[in-house]
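Source file final-v6.cif; content: mmCIF, C-alpha atoms.
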```cif
data_run
#
loop_
_atom_site.label_atom_id
_atom_site.label_comp_id
_atom_site.auth_asym_id
_atom_site.auth_seq_id
_atom_site.Cartn_x
_atom_site.Cartn_y
_atom_site.Cartn_z
CA MET A 1 2.71 57.34 -46.46
CA ARG A 2 2.38 60.80 -47.97
CA HIS A 3 2.76 61.54 -51.66
CA TYR A 4 2.81 65.01 -53.23
CA LYS A 5 2.89 66.28 -56.81
CA ILE A 6 4.25 69.83 -56.99
CA GLU A 7 4.05 72.44 -59.74
CA LEU A 8 7.26 74.34 -60.43
CA ASP A 9 5.38 77.66 -60.36
CA ASN A 10 4.53 77.04 -56.70
CA LEU A 11 8.20 76.78 -55.72
CA ASN A 12 9.09 80.38 -56.62
CA ILE A 13 12.59 79.52 -57.83
CA THR A 14 14.39 82.84 -58.32
CA LYS A 15 17.24 84.01 -60.49
CA SER A 16 19.11 85.02 -57.38
CA GLN A 17 18.80 81.47 -55.99
CA ILE A 18 20.37 80.02 -59.15
CA GLU A 19 23.11 82.68 -59.15
CA LYS A 20 24.05 81.82 -55.58
CA ALA A 21 24.07 78.10 -56.35
CA MET A 22 26.51 78.78 -59.21
CA GLY A 23 28.88 80.59 -56.83
CA PHE A 24 27.97 84.21 -57.65
CA GLU A 25 26.58 86.81 -55.31
CA SER A 26 22.87 87.37 -55.68
CA GLY A 27 22.20 89.84 -58.53
CA ASN A 28 25.89 89.91 -59.45
CA SER A 29 26.40 87.16 -62.00
CA PRO A 30 28.15 88.57 -65.08
CA ASP A 31 26.61 88.54 -68.54
CA PRO A 32 25.43 86.32 -70.18
CA PHE A 33 24.25 84.43 -67.10
CA PRO A 34 21.32 86.63 -65.96
CA ASP A 35 19.65 86.31 -69.37
CA LEU A 36 20.40 82.61 -69.64
CA ILE A 37 19.00 81.94 -66.17
CA ASP A 38 15.79 83.82 -67.11
CA GLU A 39 15.58 81.81 -70.32
CA VAL A 40 15.95 78.52 -68.43
CA LEU A 41 13.46 79.45 -65.68
CA ASP A 42 10.90 80.63 -68.26
CA ILE A 43 10.56 77.18 -69.77
CA ALA A 44 11.77 74.91 -66.96
CA ASN A 45 8.20 73.91 -66.03
CA THR A 46 7.90 71.98 -69.30
CA TYR A 47 10.91 69.92 -68.20
CA CYS A 48 9.77 69.11 -64.65
CA SER A 49 7.54 66.44 -63.17
CA ILE A 50 8.11 67.10 -59.48
CA GLU A 51 6.89 64.63 -56.89
CA GLY A 52 7.91 63.45 -53.48
CA GLY A 53 6.75 62.00 -50.23
CA TYR A 54 7.65 60.28 -47.02
CA VAL A 55 6.98 57.28 -44.81
CA LEU A 56 6.57 57.86 -41.06
CA ARG A 57 7.88 55.20 -38.66
CA ASP A 58 7.82 55.16 -34.88
CA ASP A 59 9.34 51.67 -34.41
CA ILE A 60 12.81 53.17 -34.00
CA ASN A 61 15.79 52.65 -31.67
CA PHE A 62 19.26 54.11 -31.38
CA ASP A 63 22.59 52.43 -30.66
CA LEU A 64 24.54 55.53 -29.65
CA ASN A 65 27.83 53.71 -29.06
CA ASN A 66 27.90 52.47 -32.64
CA HIS A 67 26.13 55.52 -34.14
CA LYS A 68 23.30 53.37 -35.44
CA LEU A 69 19.62 54.01 -36.06
CA LEU A 70 17.30 51.00 -36.12
CA VAL A 71 14.03 51.41 -38.03
CA GLY A 72 11.97 48.23 -37.80
CA ILE A 73 14.56 45.56 -38.54
CA ILE A 74 16.80 47.79 -40.67
CA ASP A 75 20.05 49.13 -39.20
CA PHE A 76 21.36 52.45 -40.51
CA TYR A 77 25.03 53.23 -39.78
CA ALA A 78 24.33 56.94 -40.04
CA LYS A 79 27.57 58.09 -38.33
CA LYS A 80 28.09 60.39 -35.39
CA ILE A 81 27.07 63.75 -36.93
CA VAL A 82 23.67 62.49 -38.05
CA ILE A 83 22.92 60.32 -35.02
CA ASN A 84 23.73 63.18 -32.64
CA GLN A 85 21.13 65.36 -34.35
CA ILE A 86 18.34 62.78 -34.43
CA LYS A 87 19.01 60.71 -31.28
CA LYS A 88 16.14 62.30 -29.34
CA SER A 89 13.61 61.52 -32.09
CA GLU A 90 10.43 59.62 -31.32
CA LYS A 91 9.61 59.04 -34.99
CA ILE A 92 11.50 59.13 -38.27
CA ALA A 93 10.29 60.32 -41.65
CA LEU A 94 12.02 58.55 -44.56
CA PHE A 95 11.70 60.78 -47.60
CA LEU A 96 12.17 60.78 -51.36
CA CYS A 97 11.69 63.64 -53.84
CA THR A 98 12.47 64.11 -57.53
CA ALA A 99 12.32 66.86 -60.15
CA GLY A 100 11.67 64.12 -62.74
CA PRO A 101 13.90 62.79 -65.51
CA GLU A 102 13.34 65.52 -68.11
CA ILE A 103 15.42 68.33 -66.61
CA GLY A 104 18.53 66.16 -66.20
CA GLU A 105 18.16 64.88 -69.75
CA TRP A 106 17.72 68.43 -71.08
CA SER A 107 20.96 69.47 -69.40
CA LYS A 108 22.88 66.45 -70.70
CA LYS A 109 21.57 66.98 -74.24
CA LEU A 110 22.70 70.62 -74.35
CA MET A 111 26.07 69.78 -72.87
CA SER A 112 26.63 67.05 -75.45
CA GLU A 113 25.70 69.54 -78.20
CA GLY A 114 28.35 71.98 -76.98
CA GLU A 115 26.00 74.38 -75.17
CA THR A 116 27.94 73.70 -72.03
CA PHE A 117 27.17 76.77 -69.95
CA LYS A 118 23.43 76.65 -70.60
CA GLY A 119 23.52 72.92 -69.85
CA TYR A 120 25.29 73.73 -66.61
CA ILE A 121 22.69 76.34 -65.63
CA ILE A 122 19.94 73.75 -66.21
CA ASP A 123 21.85 71.26 -64.10
CA VAL A 124 22.07 73.79 -61.26
CA ALA A 125 18.40 74.73 -61.70
CA GLY A 126 17.44 71.03 -61.48
CA SER A 127 19.25 70.71 -58.15
CA GLU A 128 17.61 73.85 -56.79
CA ILE A 129 14.18 72.67 -57.93
CA VAL A 130 14.38 69.30 -56.20
CA GLU A 131 15.81 70.85 -53.02
CA SER A 132 13.09 73.54 -52.97
CA ALA A 133 10.40 70.92 -53.54
CA MET A 134 11.75 68.91 -50.64
CA ASP A 135 11.90 72.10 -48.52
CA ARG A 136 8.18 72.51 -49.19
CA ILE A 137 7.39 68.91 -48.22
CA GLN A 138 9.54 69.26 -45.11
CA ASN A 139 7.78 72.51 -44.15
CA THR A 140 4.40 70.79 -44.50
CA LEU A 141 5.62 67.94 -42.31
CA GLU A 142 6.90 70.46 -39.76
CA GLU A 143 3.55 72.28 -39.57
CA GLU A 144 1.72 69.01 -39.14
CA MET A 145 4.08 67.84 -36.39
CA ASN A 146 4.01 71.25 -34.64
CA ASP A 147 0.21 70.87 -34.43
CA ARG A 148 0.84 67.65 -32.49
CA GLY A 149 3.36 69.36 -30.20
CA LEU A 150 6.36 67.83 -31.99
CA ASN A 151 9.41 69.33 -33.69
CA ILE A 152 11.46 68.08 -36.61
CA THR A 153 15.19 67.99 -37.39
CA ASN A 154 17.01 68.99 -40.55
CA ARG A 155 17.02 66.37 -43.25
CA TYR A 156 19.98 64.02 -43.57
CA SER A 157 20.89 61.97 -46.62
CA PRO A 158 23.18 58.99 -47.24
CA GLY A 159 26.28 60.37 -48.94
CA TYR A 160 26.50 63.44 -46.70
CA CYS A 161 27.74 64.19 -43.16
CA GLY A 162 29.91 61.07 -43.37
CA TRP A 163 26.93 58.76 -43.91
CA ASN A 164 27.85 56.27 -46.64
CA VAL A 165 25.73 56.62 -49.76
CA SER A 166 25.44 52.82 -50.05
CA GLU A 167 22.96 52.97 -47.12
CA GLN A 168 20.53 54.37 -49.68
CA GLN A 169 19.83 50.73 -50.58
CA LYS A 170 18.36 50.21 -47.09
CA LEU A 171 16.41 53.46 -47.25
CA PHE A 172 14.69 52.42 -50.47
CA THR A 173 13.31 49.26 -48.85
CA PHE A 174 10.84 51.52 -47.01
CA PHE A 175 9.24 52.79 -50.23
CA PRO A 176 7.03 50.89 -52.67
CA ASP A 177 8.73 49.93 -55.94
CA ASP A 178 8.99 52.84 -58.36
CA PHE A 179 7.84 55.35 -55.70
CA CYS A 180 7.83 58.75 -57.43
CA GLY A 181 9.43 56.99 -60.41
CA VAL A 182 12.84 56.94 -58.71
CA LYS A 183 15.15 53.97 -59.17
CA LEU A 184 18.40 53.13 -57.46
CA SER A 185 21.48 51.76 -59.22
CA ASP A 186 23.79 49.10 -57.75
CA THR A 187 26.16 51.92 -56.87
CA SER A 188 23.33 53.77 -55.05
CA LEU A 189 22.88 56.47 -57.68
CA MET A 190 19.31 57.67 -57.99
CA TYR A 191 17.66 58.01 -61.37
CA PRO A 192 16.28 60.58 -62.20
CA ILE A 193 19.58 62.17 -61.21
CA LYS A 194 17.78 65.24 -59.80
CA SER A 195 16.38 63.37 -56.80
CA VAL A 196 16.97 63.52 -53.05
CA SER A 197 16.33 61.01 -50.29
CA GLY A 198 17.03 60.67 -46.60
CA ILE A 199 15.59 60.89 -43.11
CA ILE A 200 14.11 63.53 -40.81
CA GLY A 201 13.88 63.08 -37.05
CA ILE A 202 10.65 63.97 -35.23
CA GLY A 203 10.10 64.49 -31.50
CA LYS A 204 9.51 66.92 -28.65
CA GLU A 205 13.24 67.27 -27.92
CA VAL A 206 14.65 67.71 -31.44
CA LYS A 207 15.42 70.92 -33.36
CA ARG A 208 15.69 72.12 -36.95
CA LYS A 209 18.82 74.26 -37.24
CA ASN A 210 19.60 77.07 -39.65
CA TYR A 211 23.22 76.16 -40.28
CA PRO A 212 23.93 72.51 -39.39
CA CYS A 213 27.05 72.56 -41.62
CA LYS A 214 29.02 73.85 -38.64
CA LEU A 215 28.87 70.25 -37.40
CA CYS A 216 30.65 68.84 -40.45
CA ASP A 217 34.10 69.43 -41.92
CA ASP A 218 33.42 68.39 -45.52
CA LYS A 219 34.47 71.54 -47.34
CA ASN A 220 33.49 70.18 -50.76
CA CYS A 221 29.90 69.33 -49.77
CA ILE A 222 27.29 70.80 -52.13
CA TYR A 223 25.11 71.78 -49.17
CA ARG A 224 27.82 73.79 -47.39
CA GLY A 225 26.62 77.30 -46.62
CA ARG A 226 23.01 76.62 -47.59
CA ARG A 227 20.28 77.97 -45.29
CA PHE A 228 18.22 75.09 -44.01
CA THR A 229 14.92 76.43 -42.72
CA GLY A 230 12.02 77.61 -44.79
CA MET B 1 52.14 89.69 -83.72
CA GLU B 2 52.38 89.82 -79.94
CA GLY B 3 49.34 92.12 -79.83
CA LEU B 4 47.19 89.65 -81.70
CA LEU B 5 48.23 86.72 -79.55
CA GLU B 6 47.59 88.74 -76.42
CA LYS B 7 44.12 89.55 -77.73
CA ILE B 8 43.43 85.84 -78.35
CA ALA B 9 44.56 85.05 -74.81
CA TYR B 10 42.29 87.80 -73.49
CA CYS B 11 39.28 86.48 -75.46
CA VAL B 12 39.84 82.98 -74.07
CA GLU B 13 40.32 84.31 -70.54
CA PHE B 14 37.06 86.26 -70.67
CA GLY B 15 35.05 83.84 -72.81
CA LYS B 16 34.67 86.03 -75.92
CA ILE B 17 33.84 83.30 -78.42
CA ASN B 18 33.30 85.23 -81.65
CA LYS B 19 32.18 88.59 -82.99
CA ASN B 20 28.49 87.64 -82.78
CA ALA B 21 28.72 86.72 -79.10
CA PRO B 22 27.33 89.71 -77.17
CA TYR B 23 29.39 88.77 -74.13
CA PRO B 24 31.34 90.01 -72.34
CA PRO B 25 29.40 93.29 -72.88
CA ASP B 26 32.52 95.48 -72.96
CA MET B 27 33.70 93.49 -76.00
CA LYS B 28 30.42 93.68 -77.93
CA ASP B 29 30.90 93.77 -81.73
CA GLN B 30 34.61 93.10 -81.34
CA ASP B 31 36.35 90.09 -82.85
CA GLY B 32 36.49 87.05 -80.60
CA ALA B 33 38.83 84.08 -80.24
CA ASP B 34 37.36 82.62 -83.43
CA GLU B 35 38.11 85.56 -85.78
CA LEU B 36 41.40 86.54 -84.14
CA THR B 37 42.80 83.02 -84.46
CA LYS B 38 41.88 82.96 -88.14
CA GLN B 39 43.54 86.37 -88.61
CA ALA B 40 46.67 85.12 -86.86
CA ILE B 41 46.87 82.14 -89.20
CA ASP B 42 46.25 84.35 -92.24
CA GLN B 43 49.06 86.65 -91.10
CA GLY B 44 51.37 83.64 -91.09
CA ILE B 45 51.84 83.45 -87.36
CA ASN B 46 53.13 80.04 -86.43
CA ALA B 47 50.26 77.82 -85.25
CA ASP B 48 52.32 76.58 -82.33
CA GLU B 49 52.79 80.20 -81.18
CA ILE B 50 49.03 80.79 -81.47
CA LEU B 51 48.40 77.74 -79.33
CA LYS B 52 50.99 78.50 -76.67
CA LYS B 53 50.91 82.29 -76.44
CA GLY B 54 47.20 82.67 -77.21
CA LEU B 55 44.99 79.78 -76.20
CA VAL B 56 47.13 78.12 -73.52
CA THR B 57 47.97 81.47 -71.88
CA GLY B 58 44.27 82.38 -71.72
CA MET B 59 43.20 79.03 -70.29
CA GLU B 60 46.00 79.09 -67.72
CA LYS B 61 44.79 82.44 -66.43
CA VAL B 62 41.25 81.07 -66.09
CA GLY B 63 42.52 77.96 -64.32
CA ILE B 64 44.35 80.07 -61.76
CA LYS B 65 41.36 82.38 -61.21
CA PHE B 66 39.12 79.32 -60.75
CA ARG B 67 41.49 77.89 -58.15
CA GLU B 68 41.44 81.24 -56.33
CA ASN B 69 37.61 81.40 -56.45
CA LYS B 70 37.76 84.54 -58.58
CA VAL B 71 35.66 82.90 -61.30
CA PHE B 72 33.18 80.02 -61.13
CA VAL B 73 32.26 76.98 -63.23
CA PRO B 74 30.09 78.85 -65.78
CA GLN B 75 32.89 81.28 -66.63
CA VAL B 76 35.36 78.42 -67.09
CA LEU B 77 32.84 76.79 -69.45
CA MET B 78 32.63 80.02 -71.48
CA SER B 79 36.41 80.24 -71.71
CA ALA B 80 36.57 76.61 -72.76
CA LYS B 81 34.01 77.30 -75.47
CA ALA B 82 36.09 80.23 -76.78
CA MET B 83 39.18 78.04 -76.68
CA SER B 84 37.56 75.11 -78.50
CA THR B 85 36.11 77.41 -81.17
CA ALA B 86 39.58 78.84 -81.83
CA MET B 87 41.11 75.38 -81.73
CA GLU B 88 39.02 74.37 -84.77
CA HIS B 89 41.28 76.63 -86.89
CA LEU B 90 44.36 74.85 -85.55
CA LYS B 91 43.11 71.32 -86.29
CA PRO B 92 44.75 71.08 -89.74
CA PHE B 93 48.08 72.00 -88.15
CA PHE B 94 47.72 69.24 -85.56
CA GLN B 95 46.88 66.79 -88.33
CA SER B 96 49.86 67.84 -90.47
CA GLY B 97 52.19 67.66 -87.49
CA ASP B 98 53.09 71.38 -87.65
CA VAL B 99 51.77 71.72 -84.13
CA LYS B 100 52.49 69.02 -81.62
CA ARG B 101 50.29 68.27 -78.64
CA LYS B 102 52.10 68.01 -75.32
CA GLY B 103 50.88 64.45 -74.92
CA THR B 104 47.71 62.44 -74.52
CA PHE B 105 45.48 62.40 -71.46
CA ILE B 106 42.75 59.77 -71.11
CA ILE B 107 39.98 60.73 -68.71
CA GLY B 108 36.76 59.17 -67.47
CA THR B 109 34.32 59.08 -64.56
CA VAL B 110 34.72 55.72 -62.84
CA ALA B 111 32.35 52.75 -63.14
CA GLY B 112 29.00 53.22 -61.43
CA ASP B 113 29.18 57.03 -61.46
CA LEU B 114 27.29 59.14 -64.01
CA HIS B 115 28.45 62.60 -62.92
CA ASP B 116 30.43 64.41 -65.57
CA ILE B 117 30.60 68.17 -64.98
CA GLY B 118 33.78 68.00 -62.89
CA LYS B 119 35.36 65.55 -65.29
CA ASN B 120 34.43 67.77 -68.26
CA LEU B 121 35.99 70.80 -66.59
CA VAL B 122 39.28 68.98 -66.09
CA ALA B 123 39.18 67.67 -69.68
CA MET B 124 38.59 71.18 -71.05
CA MET B 125 41.35 72.76 -68.98
CA ILE B 126 43.88 70.10 -69.98
CA GLU B 127 42.90 70.28 -73.65
CA GLY B 128 43.16 74.05 -73.47
CA ASN B 129 46.69 73.62 -72.24
CA GLY B 130 47.77 71.90 -75.42
CA TRP B 131 47.13 68.25 -74.60
CA GLU B 132 45.15 65.78 -76.63
CA VAL B 133 42.29 64.58 -74.44
CA ILE B 134 40.51 61.27 -74.93
CA ASP B 135 37.29 61.56 -72.94
CA LEU B 136 35.81 58.14 -72.24
CA GLY B 137 32.70 59.64 -70.63
CA THR B 138 31.01 58.35 -67.48
CA ASP B 139 30.59 54.90 -65.91
CA VAL B 140 33.97 53.74 -67.30
CA LYS B 141 35.31 50.32 -66.31
CA SER B 142 38.99 49.25 -66.02
CA GLU B 143 38.83 47.34 -69.30
CA LYS B 144 37.94 50.48 -71.26
CA PHE B 145 40.84 52.47 -69.76
CA ILE B 146 43.27 49.62 -70.47
CA GLU B 147 42.00 49.12 -74.01
CA THR B 148 42.35 52.86 -74.71
CA LEU B 149 45.84 52.89 -73.22
CA ARG B 150 46.87 50.25 -75.74
CA SER B 151 45.88 52.59 -78.57
CA TYR B 152 47.57 55.62 -76.98
CA THR B 153 50.86 54.41 -75.58
CA GLY B 154 52.72 56.92 -73.43
CA SER B 155 49.55 58.64 -72.32
CA TYR B 156 48.38 59.59 -68.84
CA ILE B 157 45.15 58.70 -67.07
CA GLY B 158 42.64 60.77 -65.07
CA LEU B 159 39.90 59.22 -62.93
CA SER B 160 36.97 61.19 -61.54
CA ALA B 161 34.32 60.24 -58.94
CA LEU B 162 31.66 62.24 -57.14
CA LEU B 163 30.33 59.65 -54.73
CA THR B 164 31.78 57.91 -51.72
CA THR B 165 30.56 54.59 -53.11
CA THR B 166 32.07 55.03 -56.53
CA MET B 167 35.41 56.34 -55.28
CA VAL B 168 35.88 52.77 -54.05
CA ASN B 169 35.82 51.71 -57.71
CA MET B 170 38.82 53.99 -58.27
CA GLU B 171 40.93 51.63 -56.19
CA LYS B 172 40.07 48.66 -58.40
CA ILE B 173 40.63 50.64 -61.61
CA VAL B 174 44.02 51.94 -60.40
CA LYS B 175 45.07 48.38 -59.47
CA ASP B 176 43.88 46.95 -62.79
CA ILE B 177 45.66 49.63 -64.82
CA LYS B 178 48.86 49.43 -62.78
CA SER B 179 48.96 45.62 -63.10
CA GLU B 180 48.80 46.04 -66.88
CA LYS B 181 51.06 49.14 -67.09
CA PRO B 182 52.93 49.67 -63.80
CA ASP B 183 54.62 52.89 -64.95
CA ILE B 184 51.51 54.71 -66.10
CA LYS B 185 50.77 57.90 -64.17
CA ILE B 186 47.24 58.08 -62.81
CA LEU B 187 45.65 61.31 -61.58
CA ILE B 188 42.51 61.27 -59.44
CA GLY B 189 39.97 63.90 -58.45
CA GLY B 190 36.40 64.50 -57.32
CA ALA B 191 34.54 65.78 -54.28
CA PRO B 192 35.06 62.82 -51.91
CA VAL B 193 38.69 62.20 -52.92
CA ASN B 194 41.73 63.49 -51.01
CA GLU B 195 45.49 63.03 -50.73
CA GLU B 196 45.16 60.34 -48.06
CA PHE B 197 42.88 58.31 -50.33
CA ARG B 198 45.30 58.75 -53.25
CA GLU B 199 48.11 57.32 -51.20
CA LYS B 200 45.96 54.41 -50.02
CA ILE B 201 44.95 53.32 -53.53
CA GLY B 202 48.35 53.86 -55.16
CA ALA B 203 47.40 56.61 -57.61
CA ASP B 204 50.13 59.08 -58.53
CA PHE B 205 48.55 62.48 -58.09
CA TYR B 206 45.51 64.11 -56.53
CA SER B 207 44.39 67.64 -57.24
CA PRO B 208 41.42 69.45 -55.74
CA ASP B 209 41.23 71.69 -58.84
CA PRO B 210 41.75 71.31 -62.63
CA GLN B 211 44.75 73.66 -62.76
CA GLY B 212 46.63 71.37 -60.36
CA ALA B 213 46.21 68.53 -62.85
CA VAL B 214 47.46 70.76 -65.70
CA GLU B 215 50.54 71.77 -63.72
CA TYR B 216 51.32 68.16 -62.73
CA LEU B 217 51.08 66.95 -66.34
CA ASN B 218 53.26 69.80 -67.57
CA LYS B 219 55.90 68.93 -64.98
CA LEU B 220 55.93 65.33 -66.16
CA ILE B 221 56.99 66.37 -69.65
CA ALA B 222 59.28 69.26 -68.64
#
```
Before anything else, please render the file you have as C-alpha cells.
Amino acid sequence: MRHYKIELDNLNITKSQIEKAMGFESGNSPDPFPDLIDEVLDIANTYCSIEGGYVLRDDINFDLNNHKLLVGIIDFYAKKIVINQIKKSEKIALFLCTAGPEIGEWSKKLMSEGETFKGYIIDVAGSEIVESAMDRIQNTLEEEMNDRGLNITNRYSPGYCGWNVSEQQKLFTFFPDDFCGVKLSDTSLMYPIKSVSGIIGIGKEVKRKNYPCKLCDDKNCIYRGRRFTG
Amino acid sequence: MEGLLEKIAYCVEFGKINKNAPYPPDMKDQDGADELTKQAIDQGINADEILKKGLVTGMEKVGIKFRENKVFVPQVLMSAKAMSTAMEHLKPFFQSGDVKRKGTFIIGTVAGDLHDIGKNLVAMMIEGNGWEVIDLGTDVKSEKFIETLRSYTGSYIGLSALLTTTMVNMEKIVKDIKSEKPDIKILIGGAPVNEEFREKIGADFYSPDPQGAVEYLNKLIA
C-alpha cells in the first residue's frame, strides 16, 4: 500500500484551471470571478489536508461476457466501457484520494451565509484540487510501472462510465478503516465530499488515453472534456 | 416607470446587486437592483409590476441564457443574489397580500444525497420567477416532503439527485408522496436523471435545466 500527503502548493492549481472548470474559457471569466478565484487560491492551502494512496493487487481475473472484474474474492460489475479499457491488465491499483474536509465545509458555510458565488468557486476549487492530487499520484504510479516495463490505464470510478456508484462499498473493503480519513455512507457518498476513488489497470498491453470520454455517452458527466494525462 | 423596471430587469440579468458592487465593471458606481427597487417602491410603482416586469423578467433572461450555455453557474448565482436583494424590499407587500406569489414549490435533494448546488440553482430560478420556495435542503426523506405538503396544500414538489444510487430513492419518494396525494405534481432533475427514468418512476415532469422547471410550473397555473 502507498500513502501520500500532498501540499497544495505542489499542485500548481491555476486560475485558468478553475475558470475552465466553471465553464468559462481560460482567461475569459467575467468580473468578479478572476479576483474571487485569486482570493480563494491565495488562502485555499489553509483549508486543505490532501492525502491519498493506493493498494496494488495482482490476484485479478476478468469475466468479459458479464463485464466483471474479480479482485481476490470481490466481484466488480464495472460495465462494458470500463472492462474494455482494463481487460488486458495484469495488476490493478485501487485508489483513494481526498482534499480533506475543510474545503467542502468552507464552501457550504459561505453558501449558507448567502455568499453563493464565492462558495461555488470554492466548491469547484475543491474538486480541481482533489483531481490534481490524484493526477500526481497516478503520474507517480505510471513512472514506477514504466520502470518495470508496464503501462497504466486511465482511472475509473464507481458512479462514472455506467459503473454503479454502489460498487464503492466493495472498493472500500480493500482499504484499512479510515484510510486517508475518508468514510463511506450507506448510499456510497464519500465524506469528505471532495474525495475520489476507483481503479487503474496496469500491464504491458494497456494504455492511458488523452480523451477516454469518446467511449461514453453521458453528456452530463463532470469529467466530460477533461484532459486525462499529466 | 417602464424605464426603471427595465433597469431593474437589467441589473438582475447581469448580477448588479447594489451601488457598492463593483461588478459588472461597466455599471460601476451605478445603482443596482437593490436601490432601483427601493426607488420604484418610493415612486409608487405597484409592487406586483416591480416583481413581474423587473425581477421575473431579469431572471427569465438569465434562465434562457443558462439553458443556451451563454452564461454559467456563477453568473446565475450573481443574478440570483441581485434578485434576492431586491426581493427584500418586496417582502412587506407579500406579507400584506398586495403581491401574490404564483404558488408554492417545495424542493429538496433526495434521501442519501448531500449535493445541493443544482437544487439551489433550481430553487433560486423558481423563486426569482415569483414563486414561494420551501427549500427542505439535502438528504430529505419522504416523510419530510409529505409533512411539508400538509402545511402547504396546493403546492408542487421538486426532487433532485446527483448520484445513480440516490436517484433510486426518488422512486420511493415519488411513490410515497403519490400514495398520500395522488394529484400532486412532482418534478425531478439532476445529472443521472432523464425522461425515461421519469416515466418509469411515475413523476410528472423532468427538465435538464432550471428554466424548464420554471416554464412547466408557469404552464400549470396558466
- Message: If we draw a sphere of 12 Å around (47.2, 85.5, -69.4), which residues have at least one atom in it when counting all atoms listed in the file? Please report them as a VMD selection string.
- Response: chain B and resid 5 to 14 52 to 65
Just the selected residues (C-alpha atoms), exported as a tab-separated table (two decimals), keeping the file's coordinate frame, please.
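The resulting file, again_6.tsv, is shown below:
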```tsv
chain	number	residue	atom	x	y	z
B	5	LEU	CA	48.23	86.72	-79.55
B	6	GLU	CA	47.59	88.74	-76.42
B	7	LYS	CA	44.12	89.55	-77.73
B	8	ILE	CA	43.43	85.84	-78.35
B	9	ALA	CA	44.56	85.05	-74.81
B	10	TYR	CA	42.29	87.80	-73.49
B	11	CYS	CA	39.28	86.48	-75.46
B	12	VAL	CA	39.84	82.98	-74.07
B	13	GLU	CA	40.32	84.31	-70.54
B	14	PHE	CA	37.06	86.26	-70.67
B	52	LYS	CA	50.99	78.50	-76.67
B	53	LYS	CA	50.91	82.29	-76.44
B	54	GLY	CA	47.20	82.67	-77.21
B	55	LEU	CA	44.99	79.78	-76.20
B	56	VAL	CA	47.13	78.12	-73.52
B	57	THR	CA	47.97	81.47	-71.88
B	58	GLY	CA	44.27	82.38	-71.72
B	59	MET	CA	43.20	79.03	-70.29
B	60	GLU	CA	46.00	79.09	-67.72
B	61	LYS	CA	44.79	82.44	-66.43
B	62	VAL	CA	41.25	81.07	-66.09
B	63	GLY	CA	42.52	77.96	-64.32
B	64	ILE	CA	44.35	80.07	-61.76
B	65	LYS	CA	41.36	82.38	-61.21
```
- Query: What residues in chain B lie within 12 Å of chain A, counting only C-alpha atoms, written as a PyMOL selection string?
  - Reply: chain B and resi 14-16+21-28+66+69-82+84-85+110-118+120-121+124+137-139+161-169+189-194+208-209
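Using the PyMOL selection byres ((chain A and resi 125) around 9) on this structure selects Ile13, Gln17, Ile18, Ala21, Ile37, Val40, Leu41, Ala44, Ile103, Tyr120, Ile121, Ile122, Asp123, Val124, Gly126, Ser127, Glu128, Ile129 and Val130 of chain A.
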- Query: So which residues get picked by the PyMOL selection byres ((chain A and resi 59-72) around 10) here, written as a list in words?
  - Reply: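 With the PyMOL selection byres ((chain A and resi 59-72) around 10) on this model, the match is Leu56, Arg57, Asp58, Ile73, Ile74, Asp75, Phe76, Tyr77, Ala78, Lys79, Lys80, Ile81, Val82, Ile83, Asn84, Ile86, Lys87, Lys88, Ser89, Glu90, Lys91, Ile92, Leu94, Leu171 and Phe174 of chain A.
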- Query: For the file shown, what are the residues hit by the PyMOL selection byres ((chain B and resi 131) around 6), laid out as an NGL selection string?
  - Reply: :B and (101-104 or 126-127 or 129-130 or 132)
- Show which residues sit within 7 Å of Ile157 (chain B), as number ranges by chain. Count all atoms listed in the file, and ignore same-chain residues fewer than 3 positions away. B: 105-107, 185-187
- What is the CA of Leu8 (chain A)-CA of Asn45 (chain A) distance in Å, reported with one decimal?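 These atoms are spaced 5.7 Å apart.
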- Out of B:Lys175, B:Val214, B:Phe145, B:Gly3, which residue has the shortest atom-to-atom distance to Ala123 (chain B) when counting only C-alpha atoms? B:Val214
Incomplete region 56-66 of chain A brought to N, CA and C atoms, written out as an mmCIF file, in the frame of the given file:
```cif
data_model
loop_
_atom_site.group_PDB
_atom_site.id
_atom_site.type_symbol
_atom_site.label_atom_id
_atom_site.label_comp_id
_atom_site.auth_asym_id
_atom_site.auth_seq_id
_atom_site.Cartn_x
_atom_site.Cartn_y
_atom_site.Cartn_z
ATOM 1 N N LEU A 56 6.317 57.588 -42.485
ATOM 2 C CA LEU A 56 6.570 57.860 -41.060
ATOM 3 C C LEU A 56 6.689 56.547 -40.299
ATOM 4 N N ARG A 57 7.712 56.431 -39.453
ATOM 5 C CA ARG A 57 7.880 55.200 -38.660
ATOM 6 C C ARG A 57 8.165 55.592 -37.204
ATOM 7 N N ASP A 58 7.498 54.912 -36.290
ATOM 8 C CA ASP A 58 7.820 55.160 -34.880
ATOM 9 C C ASP A 58 8.442 53.934 -34.200
ATOM 10 N N ASP A 59 8.664 52.858 -34.978
ATOM 11 C CA ASP A 59 9.340 51.670 -34.410
ATOM 12 C C ASP A 59 10.849 51.857 -34.568
ATOM 13 N N ILE A 60 11.384 52.835 -33.830
ATOM 14 C CA ILE A 60 12.810 53.170 -34.000
ATOM 15 C C ILE A 60 13.572 52.999 -32.682
ATOM 16 N N ASN A 61 14.874 52.725 -32.815
ATOM 17 C CA ASN A 61 15.790 52.650 -31.670
ATOM 18 C C ASN A 61 17.155 53.188 -32.075
ATOM 19 N N PHE A 62 17.916 53.603 -31.087
ATOM 20 C CA PHE A 62 19.260 54.110 -31.380
ATOM 21 C C PHE A 62 20.304 53.295 -30.630
ATOM 22 N N ASP A 63 21.413 53.008 -31.310
ATOM 23 C CA ASP A 63 22.590 52.430 -30.660
ATOM 24 C C ASP A 63 23.644 53.532 -30.703
ATOM 25 N N LEU A 64 23.699 54.325 -29.631
ATOM 26 C CA LEU A 64 24.540 55.530 -29.650
ATOM 27 C C LEU A 64 26.031 55.193 -29.676
ATOM 28 N N ASN A 65 26.405 54.067 -29.070
ATOM 29 C CA ASN A 65 27.830 53.710 -29.060
ATOM 30 C C ASN A 65 28.344 53.426 -30.468
ATOM 31 N N ASN A 66 27.482 52.834 -31.272
ATOM 32 C CA ASN A 66 27.900 52.470 -32.640
ATOM 33 C C ASN A 66 27.324 53.416 -33.689
#
```
